[in-house]
Structures are given as structure tokens and as C-alpha cells.
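*Asks:* PDB, C-alpha atoms, file upload29.pdb:
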```pdb
ATOM      1  CA  MET A   1     -68.258 -32.268  10.682
ATOM      2  CA  ARG A   2     -66.652 -34.609   8.125
ATOM      3  CA  GLU A   3     -67.044 -31.896   5.447
ATOM      4  CA  LYS A   4     -65.296 -29.380   7.673
ATOM      5  CA  ASN A   5     -62.450 -31.825   8.383
ATOM      6  CA  GLY A   6     -62.097 -32.535   4.639
ATOM      7  CA  LEU A   7     -61.941 -28.812   3.856
ATOM      8  CA  LEU A   8     -59.338 -28.253   6.596
ATOM      9  CA  GLY A   9     -57.185 -31.070   5.247
ATOM     10  CA  LEU A  10     -57.338 -29.603   1.758
ATOM     11  CA  ILE A  11     -56.243 -26.199   3.041
ATOM     12  CA  ILE A  12     -53.303 -27.712   4.947
ATOM     13  CA  THR A  13     -52.230 -29.793   1.958
ATOM     14  CA  SER A  14     -52.322 -26.724  -0.299
ATOM     15  CA  ALA A  15     -50.258 -24.685   2.168
ATOM     16  CA  LEU A  16     -47.632 -27.404   2.348
ATOM     17  CA  CYS A  17     -47.364 -27.477  -1.428
ATOM     18  CA  VAL A  18     -46.863 -23.720  -1.544
ATOM     19  CA  CYS A  19     -44.090 -23.936   1.101
ATOM     20  CA  ILE A  20     -42.367 -26.762  -0.782
ATOM     21  CA  VAL A  21     -42.424 -24.763  -4.014
ATOM     22  CA  ALA A  22     -41.104 -21.645  -2.258
ATOM     23  CA  LEU A  23     -38.285 -23.534  -0.570
ATOM     24  CA  GLY A  24     -37.351 -25.096  -3.870
ATOM     25  CA  ALA A  25     -37.168 -21.703  -5.507
ATOM     26  CA  LEU A  26     -34.991 -20.380  -2.691
ATOM     27  CA  TYR A  27     -32.699 -23.407  -2.999
ATOM     28  CA  ILE A  28     -32.308 -22.920  -6.747
ATOM     29  CA  SER A  29     -31.825 -19.155  -6.320
ATOM     30  CA  GLY A  30     -29.220 -19.711  -3.586
ATOM     31  CA  ASN A  31     -27.273 -22.155  -5.702
ATOM     32  CA  ASP A  32     -27.379 -19.756  -8.642
ATOM     33  CA  TYR A  33     -26.062 -16.942  -6.385
ATOM     34  CA  LEU A  34     -23.222 -19.072  -5.029
ATOM     35  CA  SER A  35     -22.340 -20.220  -8.523
ATOM     36  CA  ALA A  36     -22.241 -16.619  -9.672
ATOM     37  CA  LEU A  37     -19.873 -15.684  -6.841
ATOM     38  CA  GLN A  38     -17.614 -18.658  -7.517
ATOM     39  CA  SER A  39     -17.399 -17.814 -11.200
ATOM     40  CA  GLU A  40     -16.142 -14.249 -10.501
ATOM     41  CA  SER A  41     -12.491 -13.363  -9.963
ATOM     42  CA  VAL A  42     -11.722 -13.244  -6.251
ATOM     43  CA  ASN A  43      -9.664 -10.061  -6.818
ATOM     44  CA  GLU A  44     -12.814  -8.111  -7.622
ATOM     45  CA  TYR A  45     -14.116  -8.487  -4.073
ATOM     46  CA  THR A  46     -12.139  -6.077  -1.910
ATOM     47  CA  VAL A  47     -12.359  -4.710   1.607
ATOM     48  CA  PRO A  48     -10.554  -1.738   3.168
ATOM     49  CA  ALA A  49      -7.103  -2.614   4.471
ATOM     50  CA  PRO A  50      -6.887  -2.063   8.248
ATOM     51  CA  LEU A  51      -4.763   0.819   9.585
ATOM     52  CA  LEU A  52      -4.096   2.178   6.109
ATOM     53  CA  PRO A  53      -5.767   4.969   4.072
ATOM     54  CA  ASP A  54      -8.969   4.335   2.113
ATOM     55  CA  GLU A  55      -7.209   4.383  -1.246
ATOM     56  CA  ILE A  56      -5.390   1.171  -0.301
ATOM     57  CA  ILE A  57      -7.396  -2.006  -0.723
ATOM     58  CA  GLN A  58      -6.789  -5.595   0.271
ATOM     59  CA  ASN A  59      -8.060  -8.516  -1.785
ATOM     60  CA  GLN A  60      -9.261 -11.857  -0.416
ATOM     61  CA  SER A  61      -5.854 -13.435  -0.963
ATOM     62  CA  GLY A  62      -4.446 -10.988   1.609
ATOM     63  CA  GLU A  63      -2.250  -9.143  -0.873
ATOM     64  CA  GLN A  64      -2.295  -5.351  -0.875
ATOM     65  CA  SER A  65      -2.803  -3.283  -3.982
ATOM     66  CA  VAL A  66      -3.437   0.365  -4.726
ATOM     67  CA  THR A  67      -6.425   1.877  -6.474
ATOM     68  CA  ALA A  68      -6.264   4.333  -9.363
ATOM     69  CA  GLY A  69      -4.621   7.592  -8.398
ATOM     70  CA  THR A  70      -1.732   5.953  -6.542
ATOM     71  CA  SER A  71       1.185   3.927  -7.817
ATOM     72  CA  GLY A  72       3.091   0.878  -6.662
ATOM     73  CA  SER A  73       2.340  -1.903  -4.195
ATOM     74  CA  VAL A  74       2.238  -1.147  -0.485
ATOM     75  CA  LEU A  75       5.357  -2.299   1.377
ATOM     76  CA  GLY A  76       4.666  -1.017   4.875
ATOM     77  CA  LYS A  77       3.388   1.656   7.205
ATOM     78  CA  VAL A  78       4.825   5.067   8.063
ATOM     79  CA  THR A  79       4.489   6.179  11.671
ATOM     80  CA  GLN A  80       4.842   9.768  12.763
ATOM     81  CA  SER A  81       6.817  10.330  15.953
ATOM     82  CA  PHE A  82       8.355  13.129  17.962
ATOM     83  CA  ILE A  83      11.815  11.842  18.896
ATOM     84  CA  THR A  84      12.499  13.553  22.172
ATOM     85  CA  PRO A  85      15.995  14.851  22.901
ATOM     86  CA  TYR A  86      15.107  15.302  26.556
ATOM     87  CA  LYS A  87      15.984  11.745  27.609
ATOM     88  CA  SER A  88      19.557  11.796  26.280
ATOM     89  CA  ASN A  89      22.333  10.386  28.449
ATOM     90  CA  THR A  90      24.297  13.663  28.475
ATOM     91  CA  SER A  91      22.665  17.078  28.811
ATOM     92  CA  TYR A  92      23.180  20.574  30.151
ATOM     93  CA  ASN A  93      21.524  23.947  29.567
ATOM     94  CA  ARG A  94      19.448  22.989  26.481
ATOM     95  CA  VAL A  95      22.178  20.877  24.908
ATOM     96  CA  TYR A  96      21.397  17.179  24.549
ATOM     97  CA  ILE A  97      23.896  14.530  23.470
ATOM     98  CA  ASN A  98      23.290  10.856  22.786
ATOM     99  CA  ASN A  99      26.841   9.778  23.596
ATOM    100  CA  LYS A 100      27.577   6.450  21.870
ATOM    101  CA  THR A 101      31.226   6.453  22.954
ATOM    102  CA  ASP A 102      32.959   5.650  26.228
ATOM    103  CA  VAL A 103      34.451   9.165  26.341
ATOM    104  CA  PRO A 104      32.911  11.413  29.028
ATOM    105  CA  ILE A 105      31.625  14.738  27.684
ATOM    106  CA  ASN A 106      31.449  17.936  29.758
ATOM    107  CA  ILE A 107      28.892  20.131  27.996
ATOM    108  CA  GLN A 108      29.236  22.910  30.552
ATOM    109  CA  GLN A 109      32.938  23.225  29.761
ATOM    110  CA  LEU A 110      32.303  23.078  26.001
ATOM    111  CA  LEU A 111      29.887  25.992  26.276
ATOM    112  CA  LYS A 112      32.538  27.979  28.170
ATOM    113  CA  ASP A 113      35.331  27.212  25.699
ATOM    114  CA  LYS A 114      36.211  29.725  23.007
ATOM    115  CA  ASN A 115      34.411  29.000  19.783
ATOM    116  CA  PRO A 116      36.886  27.747  17.169
ATOM    117  CA  VAL A 117      35.102  29.599  14.338
ATOM    118  CA  ASP A 118      35.359  33.275  13.463
ATOM    119  CA  ILE A 119      32.807  34.321  10.837
ATOM    120  CA  ARG A 120      33.425  37.443   8.758
ATOM    121  CA  LYS A 121      30.898  39.087   6.480
ATOM    122  CA  ASN A 122      32.871  39.934   3.370
ATOM    123  CA  ASP A 123      33.279  38.655  -0.165
ATOM    124  CA  GLU A 124      35.306  35.631   0.906
ATOM    125  CA  PRO A 125      33.476  32.306   1.313
ATOM    126  CA  GLN A 126      32.969  31.400   4.976
ATOM    127  CA  VAL A 127      30.765  28.284   4.699
ATOM    128  CA  LEU A 128      30.754  25.249   2.422
ATOM    129  CA  ILE A 129      27.562  23.213   2.041
ATOM    130  CA  MET A 130      28.183  19.759   0.549
ATOM    131  CA  HIS A 131      26.634  16.308   0.382
ATOM    132  CA  THR A 132      28.382  12.978   0.854
ATOM    133  CA  HIS A 133      25.051  11.283   0.084
ATOM    134  CA  ALA A 134      23.459  13.760  -2.299
ATOM    135  CA  THR A 135      20.886  11.375  -3.813
ATOM    136  CA  GLU A 136      19.056  10.693  -0.544
ATOM    137  CA  CYS A 137      15.422  11.802  -0.829
ATOM    138  CA  PHE A 138      11.982  11.782   0.805
ATOM    139  CA  LEU A 139       8.386  10.761   0.222
ATOM    140  CA  THR A 140       6.629  13.044  -2.225
ATOM    141  CA  GLU A 141       3.704  13.553   0.145
ATOM    142  CA  ASP A 142       2.634  13.189   3.761
ATOM    143  CA  LYS A 143       1.102   9.712   4.035
ATOM    144  CA  GLU A 144       0.781   6.722   6.366
ATOM    145  CA  TYR A 145       2.288   4.097   4.074
ATOM    146  CA  TYR A 146       4.982   3.655   1.457
ATOM    147  CA  THR A 147       5.058   1.630  -1.749
ATOM    148  CA  ASP A 148       7.660   0.119  -4.039
ATOM    149  CA  ALA A 149       7.248   3.220  -6.201
ATOM    150  CA  ASP A 150       8.535   5.500  -3.425
ATOM    151  CA  LEU A 151      12.211   6.225  -3.985
ATOM    152  CA  SER A 152      14.803   6.463  -1.226
ATOM    153  CA  ARG A 153      17.354   7.949  -3.664
ATOM    154  CA  THR A 154      17.090  10.076  -6.768
ATOM    155  CA  THR A 155      19.436  12.012  -9.037
ATOM    156  CA  ASP A 156      16.778  14.708  -9.442
ATOM    157  CA  ASN A 157      18.437  17.623  -7.630
ATOM    158  CA  SER A 158      15.096  19.360  -7.163
ATOM    159  CA  LYS A 159      13.969  16.527  -4.872
ATOM    160  CA  ASN A 160      17.093  15.211  -3.120
ATOM    161  CA  MET A 161      19.569  16.592  -0.592
ATOM    162  CA  ILE A 162      20.816  19.192  -3.056
ATOM    163  CA  ALA A 163      17.439  20.931  -2.712
ATOM    164  CA  ILE A 164      17.661  20.731   1.087
ATOM    165  CA  GLY A 165      21.237  22.064   1.077
ATOM    166  CA  LYS A 166      20.166  24.941  -1.154
ATOM    167  CA  ILE A 167      17.876  26.124   1.650
ATOM    168  CA  PHE A 168      20.914  26.449   3.927
ATOM    169  CA  ALA A 169      23.069  28.105   1.264
ATOM    170  CA  ASP A 170      20.398  30.618   0.229
ATOM    171  CA  THR A 171      19.541  31.522   3.821
ATOM    172  CA  LEU A 172      23.174  32.104   4.758
ATOM    173  CA  ASN A 173      23.925  34.118   1.625
ATOM    174  CA  SER A 174      20.824  36.256   2.187
ATOM    175  CA  ALA A 175      22.128  37.007   5.678
ATOM    176  CA  GLY A 176      25.456  38.208   4.264
ATOM    177  CA  ILE A 177      27.413  35.067   5.172
ATOM    178  CA  LYS A 178      29.180  34.083   1.952
ATOM    179  CA  THR A 179      28.378  30.423   1.308
ATOM    180  CA  ILE A 180      29.219  27.951  -1.449
ATOM    181  CA  GLN A 181      27.186  24.836  -2.168
ATOM    182  CA  ASP A 182      28.832  21.902  -3.910
ATOM    183  CA  THR A 183      26.296  19.745  -5.785
ATOM    184  CA  THR A 184      28.499  16.738  -6.530
ATOM    185  CA  ALA A 185      26.701  13.400  -6.062
ATOM    186  CA  HIS A 186      29.468  11.541  -4.236
ATOM    187  CA  ASP A 187      27.183   8.501  -3.782
ATOM    188  CA  TYR A 188      26.335   8.074  -7.462
ATOM    189  CA  PRO A 189      26.768   5.924  -9.453
ATOM    190  CA  SER A 190      28.643   4.085  -6.677
ATOM    191  CA  TYR A 191      27.626   4.374  -3.005
ATOM    192  CA  SER A 192      30.849   2.725  -1.836
ATOM    193  CA  SER A 193      33.657   5.125  -0.848
ATOM    194  CA  SER A 194      31.315   8.132  -0.792
ATOM    195  CA  TYR A 195      33.224   9.686   2.097
ATOM    196  CA  ALA A 196      36.553   9.255   0.345
ATOM    197  CA  ARG A 197      35.212  11.156  -2.646
ATOM    198  CA  SER A 198      33.580  13.892  -0.571
ATOM    199  CA  LYS A 199      36.867  14.292   1.318
ATOM    200  CA  GLU A 200      38.596  15.139  -1.948
ATOM    201  CA  THR A 201      35.889  17.691  -2.724
ATOM    202  CA  VAL A 202      36.199  19.427   0.638
ATOM    203  CA  GLU A 203      39.986  19.527   0.403
ATOM    204  CA  LYS A 204      39.697  21.090  -3.055
ATOM    205  CA  TYR A 205      37.470  23.898  -1.753
ATOM    206  CA  LEU A 206      39.611  24.506   1.324
ATOM    207  CA  LYS A 207      42.655  24.852  -0.891
ATOM    208  CA  GLN A 208      40.874  27.195  -3.295
ATOM    209  CA  TYR A 209      39.163  29.208  -0.541
ATOM    210  CA  PRO A 210      41.248  29.199   2.678
ATOM    211  CA  SER A 211      38.657  31.591   4.125
ATOM    212  CA  ILE A 212      36.137  28.732   4.605
ATOM    213  CA  LYS A 213      35.597  28.125   8.336
ATOM    214  CA  VAL A 214      32.505  25.930   8.377
ATOM    215  CA  VAL A 215      31.743  22.758   6.373
ATOM    216  CA  ILE A 216      28.215  21.346   6.613
ATOM    217  CA  ASP A 217      27.493  17.886   5.218
ATOM    218  CA  VAL A 218      23.699  17.718   4.707
ATOM    219  CA  HIS A 219      22.068  14.262   4.877
ATOM    220  CA  ARG A 220      18.784  12.653   5.850
ATOM    221  CA  ASP A 221      18.275   9.737   8.250
ATOM    222  CA  SER A 222      16.374   6.450   7.909
ATOM    223  CA  ILE A 223      14.541   4.688  10.761
ATOM    224  CA  ASN A 224      13.144   1.215   9.995
ATOM    225  CA  SER A 225      11.544  -1.443  12.186
ATOM    226  CA  SER A 226      11.913  -5.190  11.682
ATOM    227  CA  ASP A 227       8.295  -5.413  10.476
ATOM    228  CA  GLY A 228       8.987  -2.922   7.691
ATOM    229  CA  THR A 229       7.454   0.088   9.414
ATOM    230  CA  LYS A 230       9.269   3.366   8.794
ATOM    231  CA  THR A 231       9.385   6.219  11.307
ATOM    232  CA  LYS A 232       9.374   9.882  10.417
ATOM    233  CA  PRO A 233      10.415  12.367  13.140
ATOM    234  CA  VAL A 234       8.074  15.359  13.161
ATOM    235  CA  ILE A 235       7.412  18.417  15.289
ATOM    236  CA  GLU A 236       4.742  21.043  14.718
ATOM    237  CA  ILE A 237       6.069  24.604  14.756
ATOM    238  CA  ASN A 238       3.813  27.586  14.098
ATOM    239  CA  GLY A 239       1.026  25.246  13.022
ATOM    240  CA  LYS A 240       3.107  23.447  10.396
ATOM    241  CA  LYS A 241       4.830  20.056  10.482
ATOM    242  CA  ALA A 242       8.620  20.117  10.257
ATOM    243  CA  ALA A 243      11.011  17.208   9.945
ATOM    244  CA  GLN A 244      13.232  17.043  13.017
ATOM    245  CA  VAL A 245      16.952  17.495  12.450
ATOM    246  CA  MET A 246      19.943  15.819  14.091
ATOM    247  CA  LEU A 247      23.627  16.718  14.343
ATOM    248  CA  VAL A 248      25.955  13.722  13.996
ATOM    249  CA  MET A 249      29.443  14.331  15.348
ATOM    250  CA  GLY A 250      32.556  12.197  15.207
ATOM    251  CA  CYS A 251      34.598  11.521  18.336
ATOM    252  CA  GLY A 252      38.296  11.189  17.604
ATOM    253  CA  ALA A 253      39.538  10.343  21.086
ATOM    254  CA  ASN A 254      40.383   6.823  19.953
ATOM    255  CA  ILE A 255      40.806   7.541  16.238
ATOM    256  CA  SER A 256      44.030   8.785  14.708
ATOM    257  CA  GLY A 257      43.919  11.854  12.513
ATOM    258  CA  HIS A 258      41.000  13.486  14.286
ATOM    259  CA  GLU A 259      42.736  15.324  17.096
ATOM    260  CA  ASN A 260      40.599  18.469  16.740
ATOM    261  CA  TRP A 261      37.283  16.639  17.224
ATOM    262  CA  ILE A 262      36.588  18.470  20.482
ATOM    263  CA  LYS A 263      36.680  21.800  18.632
ATOM    264  CA  ASN A 264      34.078  20.543  16.176
ATOM    265  CA  LEU A 265      31.952  19.389  19.096
ATOM    266  CA  THR A 266      32.337  22.808  20.731
ATOM    267  CA  PHE A 267      31.025  24.383  17.544
ATOM    268  CA  ALA A 268      28.172  21.865  17.398
ATOM    269  CA  VAL A 269      26.920  22.234  20.980
ATOM    270  CA  HIS A 270      26.581  26.007  20.574
ATOM    271  CA  TYR A 271      24.541  25.448  17.413
ATOM    272  CA  GLN A 272      22.424  22.805  19.161
ATOM    273  CA  GLN A 273      21.718  25.240  21.977
ATOM    274  CA  THR A 274      20.614  27.915  19.496
ATOM    275  CA  LEU A 275      18.292  25.440  17.779
ATOM    276  CA  GLU A 276      16.684  24.537  21.103
ATOM    277  CA  VAL A 277      16.265  28.162  22.175
ATOM    278  CA  LEU A 278      14.632  29.242  18.912
ATOM    279  CA  TYR A 279      12.713  26.066  18.049
ATOM    280  CA  PRO A 280      12.343  23.773  21.073
ATOM    281  CA  GLY A 281      12.277  20.118  20.022
ATOM    282  CA  LEU A 282      13.278  20.702  16.397
ATOM    283  CA  ALA A 283      16.680  19.118  17.012
ATOM    284  CA  ARG A 284      17.031  15.555  18.202
ATOM    285  CA  SER A 285      19.961  14.795  20.514
ATOM    286  CA  ILE A 286      23.427  15.240  19.031
ATOM    287  CA  ARG A 287      24.627  11.766  18.112
ATOM    288  CA  LEU A 288      28.294  11.342  19.105
ATOM    289  CA  VAL A 289      30.016   8.280  17.648
ATOM    290  CA  ASN A 290      33.543   6.977  17.132
ATOM    291  CA  SER A 291      34.103   8.198  13.602
ATOM    292  CA  ARG A 292      35.450  11.103  11.550
ATOM    293  CA  TYR A 293      32.917  11.867   8.785
ATOM    294  CA  ASN A 294      35.654  14.084   7.280
ATOM    295  CA  GLN A 295      35.177  16.457  10.222
ATOM    296  CA  ASN A 296      38.929  16.349  10.764
ATOM    297  CA  LEU A 297      39.361  18.734   7.810
ATOM    298  CA  THR A 298      38.221  21.865   9.702
ATOM    299  CA  THR A 299      37.382  22.905  13.256
ATOM    300  CA  GLY A 300      33.865  23.925  12.214
ATOM    301  CA  SER A 301      32.619  20.780  10.497
ATOM    302  CA  ILE A 302      29.231  19.239  11.249
ATOM    303  CA  LEU A 303      26.977  16.596   9.730
ATOM    304  CA  ILE A 304      23.278  17.428   9.900
ATOM    305  CA  GLU A 305      20.482  15.005   9.075
ATOM    306  CA  VAL A 306      17.163  16.525   8.051
ATOM    307  CA  GLY A 307      14.291  14.106   8.656
ATOM    308  CA  THR A 308      14.200  10.533   7.351
ATOM    309  CA  ASP A 309      13.276   8.863   4.080
ATOM    310  CA  SER A 310       9.649   8.649   5.275
ATOM    311  CA  ASN A 311       9.228  12.372   5.911
ATOM    312  CA  SER A 312       7.506  14.278   3.155
ATOM    313  CA  PHE A 313       9.645  16.570   1.036
ATOM    314  CA  GLU A 314       7.624  19.539   2.291
ATOM    315  CA  GLU A 315       8.336  18.603   5.926
ATOM    316  CA  ALA A 316      12.041  18.339   5.118
ATOM    317  CA  LEU A 317      12.094  21.727   3.405
ATOM    318  CA  TYR A 318      10.426  23.340   6.413
ATOM    319  CA  GLY A 319      12.779  21.634   8.876
ATOM    320  CA  ALA A 320      15.753  22.821   6.817
ATOM    321  CA  THR A 321      14.375  26.352   6.710
ATOM    322  CA  LEU A 322      14.083  26.505  10.496
ATOM    323  CA  ALA A 323      17.506  24.909  11.010
ATOM    324  CA  SER A 324      19.144  27.356   8.589
ATOM    325  CA  ASN A 325      17.479  30.308  10.332
ATOM    326  CA  ALA A 326      18.945  29.080  13.613
ATOM    327  CA  LEU A 327      22.345  28.664  11.950
ATOM    328  CA  VAL A 328      22.299  32.303  10.819
ATOM    329  CA  SER A 329      21.427  33.413  14.354
ATOM    330  CA  TYR A 330      24.298  31.339  15.703
ATOM    331  CA  LEU A 331      26.915  32.401  13.160
ATOM    332  CA  ASN A 332      25.958  36.040  13.644
ATOM    333  CA  THR A 333      27.306  35.771  17.197
ATOM    334  CA  LEU A 334      30.768  34.647  16.036
TER
END
```
Could you express the structure from this file as C-alpha cells?

*Replies:*
Amino acid sequence: MREKNGLLGLIITSALCVCIVALGALYISGNDYLSALQSESVNEYTVPAPLLPDEIIQNQSGEQSVTAGTSGSVLGKVTQSFITPYKSNTSYNRVYINNKTDVPINIQQLLKDKNPVDIRKNDEPQVLIMHTHATECFLTEDKEYYTDADLSRTTDNSKNMIAIGKIFADTLNSAGIKTIQDTTAHDYPSYSSSYARSKETVEKYLKQYPSIKVVIDVHRDSINSSDGTKTKPVIEINGKKAAQVMLVMGCGANISGHENWIKNLTFAVHYQQTLEVLYPGLARSIRLVNSRYNQNLTTGSILIEVGTDSNSFEEALYGATLASNALVSYLNTL
């Protein structure tokens, strides 16, 4: 019995020694592992950034960076949204106006009024396409974020509003409506007084070509939230995403020198109606504000914004293509 107890004690003592040695090894190994982690740069340990694409990573300090294949540091998110025109404060028969003035607007009467523009298909210019803010541009691709490498303005005319305006000019000319496009960058190198400079340009063309009836100032919008998020207005038409467009019209009821503003609005509401008939939802509500935008120079002047700075260039081109097709359909009725 004593021999058995002695043997059992020896076994237990041996087992305890083995456990102590194993725990010691684990302790040393654990300390070595922690030391190894602490000696590495914290920036090398990254996790996917929430709500952003996989190519964007976030390091342990909380700062965002971009992996190879992208450029710049992430500044914020881009949200895609359909901006409905159907909740505007003034509407009638597929015409929607976001009236920012205190002047009541009777769309039904505007649609009944004689159109102030008479388009003729001959060798004389009928339409002028121009750009008060020519250097406005878009994202190069469809994505859910933007970086400090994404430009909001560029002098590259193949990527800015000149390229968008060319869509309108080419479409109209192809339809037999003689159109001129002015490519002056009135907002470069100085953004200040852009409208004063574009006014001089329009007056020059109207003097040289009295046949011009319609002046279209092509812009793009910008929609930003306080947290840095940008919104791009999009609608899918025929299985393809298009940037929504918006007509911006000046109300001259309380502004001197813009007495013919109602004629411009008459022209605009007919165009808006055509847009809605051909491409429902492509056009946001007409934005009517107390301003001129040089629309006092003719009775067929409009400002059209194609997308925002967070739309992709491809979406903007497609939106402009649809809007110019609708413009041809409209002008063909005049």
C-alpha cells in the first residue's frame, strides 16, 4: 500500500512539473508575440473601412487611406439618390416647379401662352450653347466615395462642361437646327464676375447673329451635406444610369432689367413638359429664383444643370444625351 502511494505521488509530482514547464513556455511565447506586435508599425495592421468599397482601408489610428490602384485620401461618401420632382410646390400637367419666390406661378396659363421662340431650319444660327462655369466637372468613375484627388473643376475641355455642351450642340446640329457652341471658360482663371463675362459673350453672339433665338447656359450642380457626404442625382433609363438634369430660371418680377422673364419661363415649362413625357423623372423640378442669370438677353434663355460634381462623367454624358434629344423634339414643334 505504501509503495502504491509512493508511486502515485511520484506520478502527480511529475505531471505538475510538466504543466509548470508548459505554462512557462506559453508565457514566454506570449510575451514574444506581444513584443513582436508592439515592434511593428501600427499602420501595417488594417481593417476594411465600414460603408466604403474594399479598396479603401482604415488604419488603427482611424485615418483613411487608399490602396494601390486608387489615388488620394478619402474625404467623404457619395450617395446615389433619385431627386423626385413630384413633390414640388407648384405643378400642373407634367410640369413641376420648385418656386423659391413669393410670385405665384400659373403653369396652366403658361402652357396656353404663345411660345416666344420661332425656330427655323436654315443656315442661320438659331441656338447658342455657352458656359458661365465651363470648368465644372464630374467624378471620373461611378463610386461610393470621393478623395482629395477628385477634381470639381478642370480646364480639360474633354472632361468639363464643354464636353457636356458639345452633346447638345452636336445633337441639335444633326437635327438640322443650326447651333453654335462657345467654349470660353468664363470662370477661369477667376471665378468672380463669371456672369458679367458670359454676358459680354452672349451679347457679342447676338449682335453677330441676330437669328439666335435660344441661349442655353450648361452647368452642373453640387449637393453637399454638413458631414461631407455628396449626393448624386440618378435615374435609370433603358437599363443605364443617367444624371438627372434641372432647369434653373430667373424670376424678374422684383428685379429691374428682367421684364421678359415670364417669356423665358414659358419657353422653359414647355421644355420641362417634353422632358417628362419622353423620359419621366429625368428632370428635377424647375428651380425658380429671384435672379437673372443673363436670361434677360433673349426670350428663349435657360440655364440647365446636368448632374452634380459627384455624378460620374459617363452618367452626365448620358443625361445630356437624353436632355438634348428631348430639346430637339421640343424645338421641332416651334

*Asks:* What does the PyMOL selection byres ((chain A and resi 119) around 6) select in this file, as a tab-separated table (two decimals) with C-alpha atoms, in the coordinates of the input?

*Replies:*
```tsv
chain	number	residue	atom	x	y	z
A	118	ASP	CA	35.36	33.28	13.46
A	120	ARG	CA	33.42	37.44	8.76
A	334	LEU	CA	30.77	34.65	16.04
```

*Asks:* Rounded to one decimal, what separation in Å do you get between atom CA of Gly250 of chain A and atom CA of Leu322 of chain A?

*Replies:*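 If I compute the distance from atom CA of Gly250 of chain A to atom CA of Leu322 of chain A, I get 23.8 Å.
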
*Asks:* Given the PyMOL selection byres ((chain A and resi 238) around 12) and the file above, list the residues it selects as a list in words.

*Replies:*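 In the shown coordinates, the PyMOL selection byres ((chain A and resi 238) around 12) covers Ile235, Glu236, Ile237, Gly239, Lys240, Lys241, Ala242, Leu278, Tyr279, Pro280, Leu282, Tyr318, Gly319 and Leu322 of chain A.
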
*Asks:* Under the rule that only C-alpha atoms are counted, which of A:Glu276, A:Glu136, A:Asp102, A:Asp142 is the nearest residue to Ser158 of chain A?

*Replies:*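 The answer is A:Glu136, which sits nearest to Ser158 of chain A.
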
*Asks:* At what distance in Å, to one decimal, does atom CA of Leu139 of chain A lie from atom CA of Pro85 of chain A?

*Replies:* 24.3 Å
